[in-house]
Protein chains: 2
Amino acid sequence: VRCEVLAVGTELLLGQIVDTNSSWIGEQLALAGIDSVRQVKVGDNQPRIVAALRTALEQADAVIVCGGLGPTQDDITREAIAEVMGVELRRDDAVAEVIAGMFATRGRRMPENNLRQADVPDGATVIEQRLGTAPGLICPVGPGGDKVVYAVPGVPYEMQEMVERAIIPDLQRRSGERSAIRSRVLRTWGESESGLAERLAPRLDALDVAGNPTLAFLASGIEGIKVRITARAATPEEAEALLAAEEAEVRAVLGELVFAVDEETMEASVGRQLVACGLTLAVAESVTGGLVQARIVSVAGASEFFVGGVVAYDSKVKFDLLRVPEGPVVSEAAATAMADGVRTLLGADVGVSTTGVAGPTEQDGEPPGTVWLGLALGDRVEAVQIRLPGDRDRVRQYAAISVLDRLRRVLLETPAG
Amino acid sequence: VRCEVLAVGTELLLGQIVDTNSSWIGEQLALAGIDSVRQVKVGDNQPRIVAALRTALEQADAVIVCGGLGPTQDDITREAIAEVMGVELRRDDAVAEVIAGMFATRGRRMPENNLRQADVPDGATVIEQRLGTAPGLICPVGPGGDKVVYAVPGVPYEMQEMVERAIIPDLQRRSGERSAIRSRVLRTWGESESGLAERLAPRLDALDVAGNPTLAFLASGIEGIKVRITARAATPEEAEALLAAEEAEVRAVLGELVFAVDEETMEASVGRQLVACGLTLAVAESVTGGLVQARIVSVAGASEFFVGGVVAYDSKVKFDLLRVPEGPVVSEAAATAMADGVRTLLGADVGVSTTGVAGPTEQDGEPPGTVWLGLALGDRVEAVQIRLPGDRDRVRQYAAISVLDRLRRVLLETPAG
């Protein structure tokens, strides 16, 4: 099965919004082993959407259309798909009822336009909308309906939920799979893609012979490298059992490299550990300049474990406020003193710190990319040095996730409270 | 003239990299008044690149191909364009010499492969590479060479420099312009797109009649709204003069709403003002949790004006470290005390602060989106309240640029040092 992605929206062409939906869908297709060779963006223009769908369906078996399902007059994805199918739109009463009900429970008047979202091309199947008002669509096209157009909303979390729940499974069924398929992503930090492949080589060889479950790798920049396990079986229960067994095999090899499962982020994983241990955190940042703390406060419920921190950009702030000894500030001594100083200053149980050289020029005789990560937890006050590639921005971003990963690994050795 | 954008790279389809290049190019085309109706991504596969180019050239007059100009065997954009042109590649000795020279001056051995970057389709013009090794290409295609394929590297800053310097002017020439064209972007914060249009209505009406210069608006999310002035004249000097005169007209209407010109960011603009006034800055963040400081340290030379700051996430940090009076922390009193407290604590001339409710639930009786922005500069210690739309992440992002904008406006009233 080959699947293309079509993103609809004039604002995408004008660069007012970056199209991250197509990238996300591309990643899901790759992880599910579905071939995807082209992605297209068009504006809110029916002839152009229709032309793009027809071009896509010449080569591909399936197209996922993202966006243009809203209630306003320039949301015309439904009309364009109906034109390609050669059918009319009909109002789906069940969908209309759900939409009207959502407005009613919120005590808001429903503009008549909103019922346009209940219009469905004749012959299409509705993907239930669980997070918003526009349902998704599964639309058979072509002779015998052997090809398919999927429509999903452009709102990322609504789109993602539908792609995972309904579209990937439907594509896998079309690719000849009649069995139950389950997958799980193990997120790793601290090893390259080739390094992971090397460690898992015996496992990959064994799976190559058996063919089920499968493992796939996906490099995701400052979010690490993902290892996706996909298992097929006659029943969902059997697939889940295969998945659990394979996860145990992979974890036995990768150990602490795995920091989270599926959508959990590094900062959420660390937060979960801190709460489990009953510990609070303070952060002292120099080279990362606020990025570590910005990641932490993005976690829902961060106030349970995060106290606050200091951005000690000027060396004088390090010396005066954090009691760092005078001397080079890109050093083990400075990193440990910052971590210890910030937990004392803010009354937290744990302190972490970053100090380093973002570049482009060297500092304290150290080249760009040199970063010290400090940590203070109980009697354990220490720092490790890492060397990071890339420009100023990448050095900072990598340093931010690296210090969180460092804390995660130390917390693994700390008994839960 | 109609121009499509083709992004080449398997990593884009797999979602390993988000394609921000196409968005950026789309924005430039829109601002230059060039019609763009479709953007496409394909992998590193010659038949698919060729097919995408041919499909694009059926409808469009021009295609900008981004990526696939590197030195390795999977960089095949040059070959694909030559196939579409029906010509051979020839080695451009001048380009080869430049590439060899770059390796020589860095004292590095040049892999033979790198000379592939000097291969040029017969009949194409080279766009000089000023920031890397791969040159861009201007490739006439079709009967009479009336259509054109542009090739640029996928490295964003190399691509951007070539699009601005060579491709947009070439497209404008092809659209029938024989005159000199100059443009300038005024970046604004604090007014909606429709509000800007309303204020500038008399100016827009006058320009509609004259047709030169022109004004265009582009909403850019948390970077504000851009107003692009484009002027045409017989000579570059006359175009620059028109531009300067129109900029003065627009600035007379928009006044303080304009925070920067062209590529300057809000944080760079604020940094420039602080340096000019000889003032240093400290930041106290609650709701923004480090985002304000992360923006500031992204400015090259931030150490000239930025001392550091405190993320006071827990109320206790506000009370103990910043001397905020006990009471509700989403309040005018807390915001002013935070700004005053952080400048005192870190020994800076100016303090700014954020405290508010990111949501999803209310806090201190205030609904999500309520944010106080505090400022302390000399005897001036004050706070303003704003209400922001959106989810947690957007509230934080908007609050971060808003406090920088607040500081910028106050600094406008401060004499330069």
# chains A, B, ... in the order shown; residues from 1 in each chain; ligands from 1

call {"tool": "interface_residues", "arguments": {"of": "chain B", "to": "chain A", "cutoff": "7 Å", "atoms": "only C-alpha atoms", "output": "PyMOL selection string"}}
result
chain B and resi 12-16+18+20+23-24+26-27+30+37-43+219-220+289-291+293-294+297+303+307-314+317+346

call {"tool": "select_by_dssp", "arguments": {"residues": "region 269-383 of chain A", "states": "strand (DSSP E)", "output": "JSON, numbers by chain"}}
result
{"A": [281, 282, 283, 284, 285, 306, 307, 308, 309, 310, 311, 312, 350, 351, 352, 353, 354, 355, 356, 370, 371, 372, 373, 374, 375, 376, 377, 380, 381, 382, 383]}

call {"tool": "closest_residue", "arguments": {"among": "B:Ala241, B:Val381, B:Leu207, B:Cys66", "to": "Val163 (chain B)", "atoms": "only C-alpha atoms"}}
result
B:Cys66

call {"tool": "atom_distance", "arguments": {"atom1": "CA of Val84 (chain A)", "atom2": "CA of Val152 (chain A)"}}
result
16.6 Å

call {"tool": "closest_residue", "arguments": {"among": "B:Gly132, B:Gly176, B:Gly101, B:Gly278", "to": "Pro71 (chain B)", "atoms": "only C-alpha atoms"}}
result
B:Gly132

call {"tool": "residues_around", "arguments": {"residues": "Pro325 (chain A)", "least_positions_apart": "6", "cutoff": "8 Å", "atoms": "only C-alpha atoms", "output": "list of chain:residue names"}}
result
A:Phe319, A:Ala333, A:Ala334, A:Ala337

call {"tool": "select_by_dssp", "arguments": {"residues": "region 132-352 of chain A", "states": "helix (DSSP H, G or I)", "output": "ChimeraX atom specification"}}
result
/A:143-145,156-174,193-199,201-210,221-223,236-257,266-277,291-297,302-304,315-322,332-346

call {"tool": "closest_residue", "arguments": {"among": "A:Val324, A:Val270, A:Leu196, A:Leu137", "to": "Val299 (chain A)", "atoms": "only C-alpha atoms"}}
result
A:Val270

call {"tool": "residues_around", "arguments": {"residues": "Trp372 (chain A)", "least_positions_apart": "5", "cutoff": "6 Å", "atoms": "only C-alpha atoms", "output": "list in words"}}
result
Thr354, Thr355, Gly356, Val384 and Gln385 of chain A
